[in-house]
$ cat coords-v6.tsv   # TSV, C-alpha atoms
chain	number	residue	atom	x	y	z
B	1	ASP	CA	0.00	0.00	0.00
B	2	VAL	CA	1.17	3.48	-0.86
B	3	LYS	CA	2.55	5.35	2.10
B	4	VAL	CA	3.82	8.86	2.72
B	5	THR	CA	4.82	9.39	6.32
B	6	GLN	CA	5.35	12.75	7.97
B	7	SER	CA	7.41	12.56	11.12
B	8	SER	CA	5.36	14.91	13.32
B	9	ARG	CA	1.59	15.43	13.34
B	10	TYR	CA	1.73	18.40	15.72
B	11	LEU	CA	4.55	20.78	16.56
B	12	VAL	CA	4.70	23.92	18.68
B	13	LYS	CA	7.74	26.14	18.21
B	14	ARG	CA	8.81	29.60	19.25
B	15	THR	CA	9.53	32.50	16.94
B	16	GLY	CA	13.09	32.34	15.65
B	17	GLU	CA	13.52	28.60	16.17
B	18	LYS	CA	14.78	26.36	13.37
B	19	VAL	CA	12.17	23.80	12.40
B	20	PHE	CA	12.61	20.56	10.49
B	21	LEU	CA	9.67	18.73	8.94
B	22	GLU	CA	10.52	15.28	7.66
B	23	CYS	CA	8.74	13.22	5.02
B	24	VAL	CA	9.41	9.67	3.86
B	25	GLN	CA	7.75	7.76	1.02
B	26	ASP	CA	8.01	4.06	0.36
B	27	MET	CA	6.85	4.02	-3.26
B	28	ASP	CA	10.16	4.78	-5.02
B	29	HIS	CA	8.62	7.95	-6.48
B	30	GLU	CA	10.86	10.43	-8.26
B	31	ASN	CA	8.88	13.52	-7.33
B	32	MET	CA	8.28	14.90	-3.87
B	33	PHE	CA	6.46	18.05	-2.81
B	34	TRP	CA	5.82	20.28	0.17
B	35	TYR	CA	2.51	22.13	0.30
B	36	ARG	CA	1.09	24.52	2.81
B	37	GLN	CA	-2.66	24.35	3.56
B	38	ASP	CA	-4.53	27.37	4.93
B	39	PRO	CA	-8.33	27.83	5.12
B	40	GLY	CA	-9.70	29.43	1.98
B	41	LEU	CA	-6.32	29.38	0.24
B	42	GLY	CA	-6.26	25.71	-0.68
B	43	LEU	CA	-2.93	24.01	-1.10
B	44	ARG	CA	0.01	26.17	-2.06
B	45	LEU	CA	3.25	24.67	-3.32
B	46	ILE	CA	6.35	25.62	-1.35
B	47	TYR	CA	9.04	23.48	-3.01
B	48	PHE	CA	9.28	20.33	-5.02
B	49	SER	CA	12.02	17.93	-6.02
B	50	TYR	CA	12.16	15.68	-9.06
B	51	ASP	CA	15.36	13.89	-8.15
B	52	VAL	CA	17.86	13.45	-5.36
B	53	LYS	CA	19.66	16.73	-4.55
B	54	MET	CA	17.41	18.58	-6.99
B	55	LYS	CA	14.88	21.19	-5.91
B	56	GLU	CA	12.60	23.73	-7.51
B	57	LYS	CA	10.77	26.67	-5.98
B	58	GLY	CA	7.03	26.57	-5.90
B	59	ASP	CA	4.64	29.47	-5.44
B	60	ILE	CA	5.60	30.45	-1.87
B	61	PRO	CA	9.25	29.49	-1.16
B	62	GLU	CA	10.15	32.55	0.92
B	63	GLY	CA	11.20	31.63	4.45
B	64	TYR	CA	11.62	27.94	3.61
B	65	SER	CA	14.34	25.64	2.32
B	66	VAL	CA	14.36	21.93	1.50
B	67	SER	CA	16.75	19.02	1.43
B	68	ARG	CA	16.62	15.78	-0.52
B	69	GLU	CA	19.68	13.64	0.16
B	70	LYS	CA	17.92	10.31	-0.47
B	71	LYS	CA	15.19	9.45	-2.93
B	72	GLU	CA	12.69	8.48	-0.26
B	73	ARG	CA	13.18	11.46	2.06
B	74	PHE	CA	12.29	15.13	1.59
B	75	SER	CA	12.76	17.63	4.39
B	76	LEU	CA	11.28	21.08	4.80
B	77	ILE	CA	13.30	23.55	6.85
B	78	LEU	CA	12.17	26.79	8.42
B	79	GLU	CA	15.45	28.56	9.22
B	80	SER	CA	13.83	31.06	11.59
B	81	ALA	CA	10.19	30.32	12.28
B	82	SER	CA	7.71	33.19	12.32
B	83	THR	CA	4.12	33.37	13.47
B	84	ASN	CA	2.87	33.70	9.88
B	85	GLN	CA	4.26	30.23	9.21
B	86	THR	CA	1.70	28.71	11.54
B	87	SER	CA	-0.10	26.31	9.21
B	88	MET	CA	-0.74	22.75	8.11
B	89	TYR	CA	2.11	21.35	6.02
B	90	LEU	CA	1.48	18.50	3.61
B	91	CYS	CA	4.09	16.35	1.94
B	92	ALA	CA	3.30	14.47	-1.27
B	93	SER	CA	5.01	12.25	-3.80
B	94	SER	CA	4.31	11.16	-7.36
B	95	LEU	CA	5.77	9.16	-10.16
B	96	PHE	CA	7.51	11.03	-12.92
B	97	PRO	CA	4.83	11.51	-15.57
B	98	GLY	CA	5.51	9.53	-18.70
B	99	LEU	CA	2.72	10.95	-20.83
B	100	GLY	CA	3.22	14.67	-20.35
B	101	LEU	CA	0.73	14.86	-17.51
B	102	PRO	CA	1.28	15.20	-13.77
B	103	GLY	CA	1.22	11.95	-11.87
B	104	GLU	CA	-1.25	11.30	-9.08
B	105	LEU	CA	-0.16	12.96	-5.85
B	106	PHE	CA	0.00	10.77	-2.74
B	107	PHE	CA	-0.19	12.86	0.39
B	108	GLY	CA	0.91	12.34	3.95
B	109	GLU	CA	-1.47	13.09	6.82
B	110	GLY	CA	0.03	16.51	7.43
B	111	SER	CA	2.03	18.29	10.10
B	112	ARG	CA	0.28	21.07	11.99
B	113	LEU	CA	2.82	23.66	13.04
B	114	THR	CA	2.09	26.39	15.55
B	115	VAL	CA	4.66	29.16	15.97
B	116	LEU	CA	4.27	31.20	19.15
Y	1	GLY	CA	0.73	31.80	-13.63
Y	2	GLU	CA	-2.39	29.73	-13.26
Y	3	ASN	CA	-5.19	30.87	-10.93
Y	4	VAL	CA	-7.97	28.51	-9.83
Y	5	GLU	CA	-11.13	29.80	-8.16
Y	6	GLN	CA	-13.44	27.33	-6.39
Y	7	HIS	CA	-17.05	27.81	-5.23
Y	8	PRO	CA	-18.77	27.45	-2.87
Y	9	SER	CA	-16.41	27.39	0.10
Y	10	THR	CA	-18.97	25.46	2.14
Y	11	LEU	CA	-21.89	23.32	1.00
Y	12	SER	CA	-24.50	21.58	3.12
Y	13	VAL	CA	-26.88	19.03	1.60
Y	14	GLN	CA	-29.31	16.41	2.82
Y	15	GLU	CA	-28.35	12.80	2.42
Y	16	GLY	CA	-29.52	11.57	-0.97
Y	17	ASP	CA	-29.39	15.00	-2.61
Y	18	SER	CA	-26.86	16.01	-5.26
Y	19	ALA	CA	-23.89	18.30	-4.69
Y	20	VAL	CA	-22.11	20.43	-7.27
Y	21	ILE	CA	-18.76	22.19	-6.81
Y	22	LYS	CA	-17.50	24.57	-9.48
Y	23	CYS	CA	-14.03	25.76	-10.44
Y	24	THR	CA	-12.70	28.26	-12.94
Y	25	TYR	CA	-9.14	28.54	-14.19
Y	26	SER	CA	-7.22	31.27	-15.93
Y	27	ASP	CA	-4.55	29.60	-18.08
Y	28	SER	CA	-5.93	28.36	-21.40
Y	29	ALA	CA	-2.89	26.02	-21.67
Y	30	SER	CA	-4.15	23.95	-18.72
Y	31	ASN	CA	-5.18	20.50	-19.86
Y	32	TYR	CA	-5.43	18.32	-16.75
Y	33	PHE	CA	-8.00	18.80	-14.00
Y	34	PRO	CA	-7.99	16.50	-10.95
Y	35	TRP	CA	-10.22	16.53	-7.90
Y	36	TYR	CA	-8.94	15.59	-4.45
Y	37	LYS	CA	-10.96	14.67	-1.36
Y	38	GLN	CA	-9.60	15.33	2.12
Y	39	GLU	CA	-11.26	13.54	5.01
Y	40	LEU	CA	-10.80	14.80	8.54
Y	41	GLY	CA	-7.27	14.19	9.81
Y	42	LYS	CA	-6.03	12.78	6.53
Y	43	GLY	CA	-4.18	13.99	3.48
Y	44	PRO	CA	-6.03	14.70	0.22
Y	45	GLN	CA	-6.69	11.76	-2.06
Y	46	LEU	CA	-7.37	11.77	-5.80
Y	47	ILE	CA	-10.97	10.81	-6.56
Y	48	ILE	CA	-11.37	11.66	-10.24
Y	49	ASP	CA	-9.59	13.57	-12.97
Y	50	ILE	CA	-10.28	14.76	-16.49
Y	51	ARG	CA	-8.12	15.72	-19.43
Y	52	SER	CA	-8.86	18.54	-21.83
Y	53	ASN	CA	-9.76	16.26	-24.72
Y	54	VAL	CA	-12.78	14.94	-22.79
Y	55	GLY	CA	-15.93	16.86	-21.82
Y	56	GLU	CA	-17.24	14.58	-19.11
Y	57	LYS	CA	-16.11	11.64	-17.03
Y	58	LYS	CA	-18.09	9.49	-14.60
Y	59	ASP	CA	-17.14	7.06	-11.86
Y	60	GLN	CA	-20.16	5.62	-10.05
Y	61	ARG	CA	-21.74	8.51	-8.10
Y	62	ILE	CA	-19.21	11.14	-9.05
Y	63	ALA	CA	-18.75	12.93	-12.36
Y	64	VAL	CA	-16.67	15.79	-13.63
Y	65	THR	CA	-17.54	18.09	-16.52
Y	66	LEU	CA	-15.19	20.42	-18.37
Y	67	ASN	CA	-15.95	23.46	-20.51
Y	68	LYS	CA	-12.66	24.55	-22.07
Y	69	THR	CA	-14.18	27.50	-23.87
Y	70	ALA	CA	-15.48	28.99	-20.64
Y	71	LYS	CA	-12.50	27.66	-18.64
Y	72	HIS	CA	-14.53	26.04	-15.96
Y	73	PHE	CA	-15.02	22.53	-14.63
Y	74	SER	CA	-17.34	21.02	-12.05
Y	75	LEU	CA	-17.62	18.05	-9.71
Y	76	HIS	CA	-21.02	16.41	-9.39
Y	77	ILE	CA	-21.86	13.99	-6.60
Y	78	THR	CA	-25.23	12.23	-6.80
Y	79	GLU	CA	-27.09	10.41	-4.03
Y	80	THR	CA	-24.82	11.91	-1.39
Y	81	GLN	CA	-23.99	9.87	1.68
Y	82	PRO	CA	-22.57	10.93	5.08
Y	83	GLU	CA	-19.18	9.49	4.11
Y	84	ASP	CA	-19.02	12.07	1.28
Y	85	SER	CA	-18.56	14.73	3.97
Y	86	ALA	CA	-15.05	16.10	3.45
Y	87	VAL	CA	-13.11	18.97	1.94
Y	88	TYR	CA	-12.84	18.81	-1.84
Y	89	PHE	CA	-10.11	20.51	-3.87
Y	90	CYS	CA	-10.05	21.12	-7.59
Y	91	ALA	CA	-6.76	21.70	-9.40
Y	92	ALA	CA	-5.41	22.53	-12.82
Y	93	SER	CA	-2.16	21.83	-14.59
Y	94	ASP	CA	-0.60	22.07	-18.00
Y	95	ASN	CA	1.55	19.38	-19.51
Y	96	ALA	CA	4.79	21.25	-18.91
Y	97	GLY	CA	5.48	19.47	-15.66
Y	98	ASN	CA	4.27	18.56	-12.22
Y	99	MET	CA	2.88	21.88	-11.11
Y	100	LEU	CA	-0.70	21.65	-9.91
Y	101	THR	CA	-2.52	24.83	-8.89
Y	102	PHE	CA	-5.26	24.11	-6.36
Y	103	GLY	CA	-8.51	25.89	-5.67
Y	104	GLY	CA	-9.36	27.13	-2.19
Y	105	GLY	CA	-11.38	24.05	-1.25
Y	106	THR	CA	-15.05	23.28	-0.52
Y	107	ARG	CA	-16.21	21.83	2.76
Y	108	LEU	CA	-19.11	19.50	1.96
Y	109	MET	CA	-21.40	18.45	4.80
Y	110	VAL	CA	-23.98	15.73	4.17
Y	111	LYS	CA	-26.70	15.72	6.80
Y	112	PRO	CA	-28.30	12.35	7.60
$ encode --input "coords-v6.tsv" --output "structure tokens"
Amino acid sequence: DVKVTQSSRYLVKRTGEKVFLECVQDMDHENMFWYRQDPGLGLRLIYFSYDVKMKEKGDIPEGYSVSREKKERFSLILESASTNQTSMYLCASSLFPGLGLPGELFFGEGSRLTVL
Amino acid sequence: GENVEQHPSTLSVQEGDSAVIKCTYSDSASNYFPWYKQELGKGPQLIIDIRSNVGEKKDQRIAVTLNKTAKHFSLHITETQPEDSAVYFCAASDNAGNMLTFGGGTRLMVKP
């Protein structure tokens, strides 16, 4: 069964702290994504990676960085957390599309981050 | 870039009634339109998708229609059941890569 696992379901951090959100997939997917989910704004893409050590900025990369050292693991890093980064963070993975269309996204259950 | 608008933001129906969620998109190059369902405490899951060369697609009680001229697409759920209660997201993408742009989401509540 397809599985995307996010390491923490709930985190509470203080302003200025460095935050690591970890995501692991067991499907051997090439692509991995980090989205941010806020009410009324849907899912907004922060960063994605289509291969190990490769990364591309999404729509809202400011204040975030990512790391992909192994194919199955994609980390989201908040170098200095701020209150406006309080949100639900969703990791996803997909196969590389072979027919010119995006592959189905498989999401983790999310990590709810509160920054005080 | 692409912009996807989704309406309504909340929808309440009686069990057995139909539900319709509508989305519009801005980029005429978009050619792939998936719908994701997010149940409480879970990540979104793909329930149906449609490509631009097709006007309608059905899968049991759910269907999606696409009007490329008007740049809008809709999700139709018939004979709603309590387990249909969830947040639904539409999205749009072109064939240039993996970038999906999502709508703002619709919270569907099916009352028994």
$ residues_around --input "coords-v6.tsv" --residues "region 32-48 of chain Y" --least-positions-apart "4" --cutoff "8 Å" --atoms "all atoms listed in the file" --output "MDAnalysis selection string"
(chainID B and resid 90 101:102 104:110) or (chainID Y and resid 52 59 62:64 73 75 85:95)
$ closest_residue --input "coords-v6.tsv" --among "Y:Leu100, Y:Ile77, Y:Val110, Y:Ile50" --to "Ser18 (chain Y)" --atoms "all atoms listed in the file"
Y:Ile77
$ atom_distance --input "coords-v6.tsv" --atom1 "CA of Asp51 (chain B)" --atom2 "CA of Lys71 (chain B)"
6.9 Å
$ residues_around --input "coords-v6.tsv" --residues "region 19-29 of chain Y" --least-positions-apart "6" --cutoff "8 Å" --atoms "all atoms listed in the file" --output "list of chain:residue names"
Y:Gly1, Y:Glu2, Y:Asn3, Y:Val4, Y:Glu5, Y:Gln6, Y:His7, Y:Pro8, Y:Leu11, Y:Val13, Y:Lys68, Y:Lys71, Y:His72, Y:Phe73, Y:Ser74, Y:Leu75, Y:His76, Y:Ile77, Y:Thr78, Y:Thr80, Y:Cys90, Y:Ala92, Y:Asp94, Y:Gly103, Y:Thr106
$ atom_distance --input "coords-v6.tsv" --atom1 "CA of Ser8 (chain B)" --atom2 "CA of Asp26 (chain B)"
17.1 Å
$ atom_distance --input "coords-v6.tsv" --atom1 "CA of Thr86 (chain B)" --atom2 "CA of Lys18 (chain B)"
13.4 Å
$ interface_residues --input "coords-v6.tsv" --of "chain B" --to "chain Y" --cutoff "12 Å" --atoms "only C-alpha atoms" --output "PyMOL selection string"
chain B and resi 2-6+9-10+30-50+56-59+88-112
$ residues_near_point --input "coords-v6.tsv" --point "(2.9, 31.3, 11.8)" --cutoff "12 Å" --atoms "all atoms listed in the file" --output "ChimeraX atom specification"
/B:11-17,19,36,38,63,78,80-89,112-116
$ closest_residue --input "coords-v6.tsv" --among "B:Ser75, B:Gln25, B:Ser7, B:Ser67" --to "Lys53 (chain B)" --atoms "only C-alpha atoms"
B:Ser67
